[in-house]
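Containing compact mmCIF, C-alpha atoms: start22.txt.
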# COMPACT_ATOMS: atom_id res chain seq x y z
CA MET A 2 111.85 107.07 116.19
CA LYS A 3 110.01 110.34 116.87
CA LYS A 4 106.92 111.52 114.99
CA GLU A 5 108.81 114.31 113.23
CA GLU A 6 111.44 111.87 111.99
CA ALA A 7 108.77 109.34 110.89
CA MET A 8 106.88 112.03 108.96
CA GLU A 9 110.06 113.32 107.34
CA LYS A 10 111.19 109.84 106.27
CA GLY A 11 107.65 108.99 105.15
CA LEU A 12 107.57 112.12 102.99
CA SER A 13 110.94 111.25 101.50
CA LEU A 14 109.53 107.81 100.57
CA VAL A 15 106.42 109.40 98.98
CA ASP A 16 108.48 111.96 97.07
CA ARG A 17 110.73 109.33 95.50
CA SER A 18 107.91 106.81 94.83
CA THR A 19 106.30 106.63 91.41
CA ILE A 20 103.89 103.87 92.45
CA ALA A 21 101.50 103.53 95.39
CA MET A 22 99.08 100.80 96.38
CA LEU A 23 95.47 101.85 96.82
CA ALA A 24 93.00 99.81 98.88
CA THR A 25 89.26 100.44 98.72
CA TYR A 26 86.12 98.66 99.83
CA GLY A 27 85.31 96.26 97.01
CA ALA A 28 82.32 94.01 96.48
CA GLY A 29 82.25 92.60 100.01
CA TYR A 30 86.04 92.29 100.12
CA PRO A 31 88.91 94.77 100.37
CA ASP A 32 90.51 95.51 97.00
CA ILE A 33 94.12 96.51 96.15
CA ARG A 34 95.71 97.81 92.98
CA ALA A 35 98.97 99.57 92.14
CA MET A 36 98.57 103.17 90.95
CA ILE A 37 100.95 105.69 89.41
CA LYS A 38 101.38 108.50 91.93
CA ASN A 39 100.85 111.68 89.92
CA GLU A 40 101.40 114.42 92.52
CA ASN A 41 101.49 114.97 96.26
CA ASP A 42 101.32 117.91 98.62
CA GLY A 43 103.32 116.68 101.58
CA LEU A 44 101.72 113.65 103.22
CA LYS A 45 98.25 115.21 103.36
CA THR A 46 97.13 115.10 99.71
CA ILE A 47 97.94 112.60 96.96
CA TRP A 48 96.59 112.84 93.41
CA PHE A 49 96.06 109.99 90.99
CA THR A 50 94.39 109.77 87.58
CA THR A 51 92.13 107.00 86.37
CA ASN A 52 89.29 106.00 84.10
CA ALA A 53 85.88 107.21 85.27
CA SER A 54 84.55 103.87 84.02
CA SER A 55 86.94 101.82 86.17
CA GLY A 56 85.84 99.51 88.94
CA LYS A 57 87.76 101.51 91.56
CA VAL A 58 85.76 104.67 90.77
CA GLU A 59 82.55 102.71 91.27
CA GLN A 60 83.87 101.45 94.62
CA ILE A 61 84.96 104.94 95.72
CA LYS A 62 81.54 106.39 94.85
CA LYS A 63 79.96 103.82 97.17
CA ASN A 64 82.57 104.26 99.91
CA PRO A 65 85.32 106.92 99.69
CA LYS A 66 87.35 105.51 102.60
CA ALA A 67 90.74 104.32 101.41
CA CYS A 68 94.28 103.32 102.33
CA ILE A 69 97.35 104.35 100.33
CA TYR A 70 100.55 102.42 100.82
CA PHE A 71 104.07 103.32 99.73
CA VAL A 72 106.74 100.68 100.15
CA ASP A 73 110.46 100.12 99.64
CA PHE A 74 110.85 96.35 99.92
CA ASP A 75 114.65 96.39 99.83
CA LYS A 76 114.97 98.86 102.67
CA ARG A 77 112.09 97.28 104.64
CA MET A 78 110.29 100.58 104.98
CA GLY A 79 106.73 101.58 104.23
CA LEU A 80 104.15 104.27 104.79
CA ARG A 81 100.43 103.69 105.20
CA LEU A 82 98.09 106.67 104.81
CA ILE A 83 94.42 106.40 105.81
CA GLY A 84 91.81 108.84 104.53
CA THR A 85 89.16 109.51 101.90
CA ILE A 86 89.09 110.02 98.15
CA ASP A 87 87.27 112.69 96.13
CA ILE A 88 86.62 112.04 92.45
CA LEU A 89 87.35 115.25 90.54
CA GLN A 90 86.19 116.17 87.05
CA ASP A 91 86.91 119.91 87.10
CA PRO A 92 88.92 121.21 84.11
CA GLU A 93 91.65 122.80 86.26
CA SER A 94 92.54 119.58 88.08
CA LYS A 95 92.32 117.54 84.88
CA GLN A 96 94.62 119.97 83.07
CA ARG A 97 97.12 120.15 85.91
CA LEU A 98 97.50 116.37 86.16
CA TRP A 99 97.51 115.66 82.42
CA ARG A 100 100.77 114.09 81.24
CA GLU A 101 102.27 113.42 77.84
CA GLY A 102 101.08 110.03 76.60
CA PHE A 103 97.71 110.13 78.39
CA GLU A 104 96.00 110.40 74.98
CA ARG A 105 96.80 106.71 74.67
CA TYR A 106 94.30 106.06 77.50
CA TYR A 107 91.98 109.05 76.90
CA PRO A 108 91.63 109.58 73.14
CA LEU A 109 89.47 112.68 73.57
CA GLY A 110 92.26 114.46 75.45
CA VAL A 111 92.08 116.40 78.70
CA SER A 112 88.31 116.89 78.39
CA ASP A 113 87.68 113.17 77.82
CA PRO A 114 84.83 112.34 80.25
CA ASP A 115 86.51 109.02 81.00
CA TYR A 116 89.58 110.88 82.32
CA SER A 117 89.18 111.44 86.08
CA VAL A 118 91.30 112.72 88.91
CA LEU A 119 91.36 111.03 92.32
CA CYS A 120 92.27 113.32 95.21
CA PHE A 121 93.17 111.43 98.39
CA THR A 122 93.19 113.35 101.69
CA ALA A 123 94.98 111.66 104.59
CA LEU A 124 93.68 111.69 108.16
CA TRP A 125 96.57 109.80 109.68
CA GLY A 126 99.62 107.81 108.74
CA ASN A 127 101.92 105.08 109.95
CA TYR A 128 105.57 104.87 108.93
CA TYR A 129 107.73 101.85 109.60
CA HIS A 130 111.36 100.97 109.10
CA LYS A 131 112.35 97.42 109.99
CA LEU A 132 110.82 96.75 113.42
CA ALA A 133 110.15 100.40 114.37
CA ASN A 134 106.87 102.08 113.49
CA VAL A 135 105.19 105.36 114.37
CA THR A 136 101.60 106.54 113.89
CA PHE A 137 100.76 110.25 113.43
CA GLU A 138 97.77 112.45 112.65
CA LEU A 139 97.73 114.54 109.50
CA MET B 9 95.08 86.68 77.17
CA LYS B 10 93.20 83.47 78.05
CA LYS B 11 92.38 82.37 81.61
CA GLU B 12 94.87 79.50 81.51
CA GLU B 13 97.67 81.88 80.46
CA ALA B 14 96.67 84.46 83.12
CA MET B 15 96.64 81.81 85.85
CA GLU B 16 99.98 80.41 84.71
CA LYS B 17 101.63 83.84 84.63
CA GLY B 18 100.00 84.79 87.92
CA LEU B 19 101.39 81.64 89.53
CA SER B 20 104.83 82.40 88.14
CA LEU B 21 104.61 85.86 89.77
CA VAL B 22 103.54 84.35 93.12
CA ASP B 23 106.26 81.69 93.00
CA ARG B 24 109.03 84.25 92.48
CA SER B 25 107.62 86.84 94.92
CA THR B 26 108.94 87.02 98.46
CA ILE B 27 106.60 89.88 99.42
CA ALA B 28 102.83 90.32 99.08
CA MET B 29 100.52 93.13 100.08
CA LEU B 30 97.65 92.18 102.38
CA ALA B 31 94.51 94.31 102.67
CA THR B 32 92.00 93.79 105.45
CA TYR B 33 89.08 95.69 106.90
CA GLY B 34 90.59 98.06 109.44
CA ALA B 35 88.95 100.40 111.93
CA GLY B 36 86.40 101.85 109.49
CA TYR B 37 88.97 102.04 106.69
CA PRO B 38 90.73 99.49 104.51
CA ASP B 39 94.24 98.67 105.70
CA ILE B 40 97.33 97.55 103.74
CA ARG B 41 100.68 96.17 104.82
CA ALA B 42 103.51 94.30 103.12
CA MET B 43 103.98 90.72 104.26
CA ILE B 44 106.67 88.11 103.68
CA LYS B 45 105.09 85.30 101.65
CA ASN B 46 106.06 82.14 103.47
CA GLU B 47 104.51 79.40 101.32
CA ASN B 48 101.89 78.91 98.65
CA ASP B 49 99.98 76.00 97.16
CA GLY B 50 99.29 77.19 93.62
CA LEU B 51 97.08 80.29 93.60
CA LYS B 52 94.52 78.83 95.99
CA THR B 53 96.36 78.93 99.33
CA ILE B 54 98.96 81.37 100.64
CA TRP B 55 100.56 81.13 104.10
CA PHE B 56 102.01 83.97 106.13
CA THR B 57 103.28 84.20 109.69
CA THR B 58 102.67 87.02 112.11
CA ASN B 59 102.34 88.06 115.74
CA ALA B 60 99.07 86.98 117.38
CA SER B 61 99.15 90.35 119.15
CA SER B 62 99.32 92.35 115.91
CA GLY B 63 96.63 94.73 114.72
CA LYS B 64 96.06 92.70 111.56
CA VAL B 65 95.13 89.59 113.58
CA GLU B 66 92.59 91.64 115.51
CA GLN B 67 91.15 92.90 112.20
CA ILE B 68 91.02 89.40 110.70
CA LYS B 69 89.22 88.02 113.78
CA LYS B 70 86.52 90.67 113.26
CA ASN B 71 86.37 90.19 109.47
CA PRO B 72 88.36 87.44 107.71
CA LYS B 73 87.74 88.83 104.19
CA ALA B 74 90.99 89.91 102.58
CA CYS B 75 92.83 90.80 99.39
CA ILE B 76 96.38 89.67 98.61
CA TYR B 77 98.32 91.51 95.95
CA PHE B 78 101.53 90.49 94.19
CA VAL B 79 103.17 93.06 91.95
CA ASP B 80 106.14 93.51 89.65
CA PHE B 81 106.32 97.27 89.14
CA ASP B 82 109.04 97.12 86.47
CA LYS B 83 107.16 94.67 84.29
CA ARG B 84 103.79 96.37 84.97
CA MET B 85 102.19 93.11 86.06
CA GLY B 86 100.21 92.21 89.12
CA LEU B 87 97.93 89.59 90.63
CA ARG B 88 95.06 90.28 92.99
CA LEU B 89 93.61 87.38 94.97
CA ILE B 90 90.36 87.76 96.90
CA GLY B 91 89.38 85.40 99.71
CA THR B 92 89.39 84.75 103.43
CA ILE B 93 92.02 84.21 106.10
CA ASP B 94 92.11 81.58 108.84
CA ILE B 95 94.31 82.21 111.88
CA LEU B 96 96.09 78.96 112.74
CA GLN B 97 97.75 78.05 116.02
CA ASP B 98 98.12 74.28 115.52
CA PRO B 99 101.61 72.90 116.19
CA GLU B 100 101.94 71.24 112.77
CA SER B 101 101.35 74.47 110.81
CA LYS B 102 103.54 76.48 113.16
CA GLN B 103 106.37 73.94 112.84
CA ARG B 104 106.09 73.71 109.05
CA LEU B 105 106.29 77.49 108.56
CA TRP B 106 108.98 78.16 111.16
CA ARG B 107 112.17 79.62 109.63
CA GLU B 108 115.66 80.19 110.91
CA GLY B 109 115.82 83.59 112.59
CA PHE B 110 112.18 83.61 113.75
CA GLU B 111 113.41 83.36 117.35
CA ARG B 112 114.29 87.03 116.97
CA TYR B 113 110.56 87.77 116.76
CA TYR B 114 109.27 84.87 118.86
CA PRO B 115 111.71 84.30 121.74
CA LEU B 116 109.78 81.27 123.05
CA GLY B 117 110.33 79.43 119.76
CA VAL B 118 107.83 77.52 117.67
CA SER B 119 105.40 77.13 120.58
CA ASP B 120 105.47 80.90 121.37
CA PRO B 121 101.78 81.82 121.70
CA ASP B 122 102.52 85.11 119.91
CA TYR B 123 103.67 83.15 116.83
CA SER B 124 100.68 82.66 114.51
CA VAL B 125 100.09 81.36 111.01
CA LEU B 126 97.72 83.08 108.58
CA CYS B 127 96.24 80.80 105.93
CA PHE B 128 94.64 82.70 103.04
CA THR B 129 92.24 80.81 100.76
CA ALA B 130 91.46 82.47 97.43
CA LEU B 131 87.99 82.53 95.87
CA TRP B 132 88.98 84.35 92.71
CA GLY B 133 91.85 86.24 91.15
CA ASN B 134 92.66 88.92 88.62
CA TYR B 135 95.94 88.99 86.72
CA TYR B 136 97.06 91.98 84.67
CA HIS B 137 99.98 92.75 82.42
CA LYS B 138 100.12 96.27 81.03
CA LEU B 139 96.63 97.01 79.74
CA ALA B 140 95.38 93.39 79.60
CA ASN B 141 93.68 91.80 82.58
CA VAL B 142 91.78 88.57 83.19
CA THR B 143 89.58 87.49 86.12
CA PHE B 144 89.22 83.82 87.10
CA GLU B 145 87.62 81.70 89.81
CA LEU B 146 89.79 79.57 92.06
Let me see whether you can do it: turn the structure in this file into structure tokens.
Amino acid sequence: MKKEEAMEKGLSLVDRSTIAMLATYGAGYPDIRAMIKNENDGLKTIWFTTNASSGKVEQIKKNPKACIYFVDFDKRMGLRLIGTIDILQDPESKQRLWREGFERYYPLGVSDPDYSVLCFTALWGNYYHKLANVTFEL
Amino acid sequence: MKKEEAMEKGLSLVDRSTIAMLATYGAGYPDIRAMIKNENDGLKTIWFTTNASSGKVEQIKKNPKACIYFVDFDKRMGLRLIGTIDILQDPESKQRLWREGFERYYPLGVSDPDYSVLCFTALWGNYYHKLANVTFEL
């Protein structure tokens, strides 16, 4: 599998995924949680939304290095992206990523200070399908 | 949700899961990959098998702290276990976890030095279902 093919298939997996796993540096241990993938710009940038008061935001403030993982268990394929996360609170990003139903989590609406945007920027990725895997810079 | 209920439902999720996500400390960044769950003893001990030559084994040798994550996307439930991993090469463990078809990955059979067992021991866990989540010691 060539890099171009790996990146193309990895992007196809990201585009059709609604969920991604996010790993951060926790309290002395790595930490994983599933996240709803809100938007992506190719493989380079992935946006999520979360509570500013959540444990993951605290972890990211201490160490922004992260791993995002997309997986299709049935097809035995997955994509790991390695990079850093910025915590955004600007009105434009918050408005752009706001979805119907979010008021359930953020009662004050789009300007709710507990509503935060996470912007992940990838440095490199690794795509695998069955026993083949390819690493590429981003 | 009480601790007993969270642990019971978390165990049910582990018992019916064939795949788990494993996060380790990578080269300056957290690292995630999907793993086949080979065996578990309650929530305390989870066994996996892998290649001794794999990147994850190298990472675990440098830092055995890890997070294991079981997830059911459709039901919006997940279990995070935090603990440490021991790399086992003893014949008894290797024999016990050997499965039909492994010779595809380890041509020398159960004594193949590239065939390794990872034994994860949990210190604590966190089970969530929708918006409820409970943390417990193990």
Within 10 Å of chain A: residues of chain B, using all atoms listed in the file, as a PyMOL selection string: chain B and resi 26-27+29-34+36-44+71-81+84-92+113+139
Which of A:Met8, A:Met2, A:Leu119, A:Lys57 sits closest to A:Lys38 [using all atoms listed in the file]: A:Leu119
All residues 8 Å or closer to B:Leu19, only C-alpha atoms, same chain fewer than 3 positions away omitted, as a list in words: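 In the requested format, the answer is Met15, Glu16, Val22, Asp23, Gly50 and Leu51 of chain B.
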One-decimal distance in Å that lies between atom CA of B:Thr58 and atom CA of B:Asp120: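 For atom CA of B:Asp120 relative to atom CA of B:Thr58, the distance reads 11.4 Å.
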Closest of B:Asn134, B:Ser124, B:Gln97, B:Thr129 to B:Asn48 - atom-to-atom distances counting all atoms listed in the file: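 Distance minimum relative to B:Asn48 lands on B:Thr129.
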Ref. answer, residues at most 9 Å from (95.0, 86.8, 78.7) with all atoms listed in the file, as a PyMOL selection string: chain B and resi 9-15+135-137+140-142
Å distance separating atom CA of B:Lys102 from atom CA of B:Ser61, one decimal place: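 So the two atoms, atom CA of B:Lys102 and atom CA of B:Ser61, lie 15.7 Å apart.
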Atomic separation - atom CA of B:Lys52 relative to atom CA of B:Gly18, Å: 11.4 Å
Find the residues around A:Ile88 up to 9 Å (only C-alpha atoms counted), leave out those fewer than 6 positions away in its own chain, and share them as a tab-separated table (two decimals) with C-alpha atoms, in the coordinates of the input.
chain	number	residue	atom	x	y	z
A	53	ALA	CA	85.88	107.21	85.27
A	58	VAL	CA	85.76	104.67	90.77
A	61	ILE	CA	84.96	104.94	95.72
A	62	LYS	CA	81.54	106.39	94.85
A	65	PRO	CA	85.32	106.92	99.69
A	117	SER	CA	89.18	111.44	86.08
A	118	VAL	CA	91.30	112.72	88.91
A	119	LEU	CA	91.36	111.03	92.32
A	120	CYS	CA	92.27	113.32	95.21
A	121	PHE	CA	93.17	111.43	98.39
For A:Asp87, the nearest of the candidates A:Gly110, A:Gly56, A:Ile47, A:Glu104, counting all atoms listed in the file: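 Smallest separation from A:Asp87 among the options: A:Ile47.
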Nearest to B:Leu21, chosen from B:Leu116, B:Phe56, B:Lys83, B:Gln67, with all atoms listed in the file counted in the distances: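 Checking each candidate against B:Leu21, we get B:Lys83 as the closest.
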Edge lengths and centre in Å to one decimal, as AutoDock Vina command-line options, is what I'm after for the box along x, y and z that holds all listed atoms of stretch 106-117 of chain A once 8 Å is added on each side.
--center_x 89.6 --center_y 111.5 --center_z 79.6 --size_x 25.5 --size_y 26.8 --size_z 28.9
Top pick for closest residue to A:Leu89, considering A:Thr50, A:Glu138, A:Arg105, A:Ser55 and counting all atoms listed in the file: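 Ranked by minimum distance to A:Leu89, first place goes to A:Thr50.
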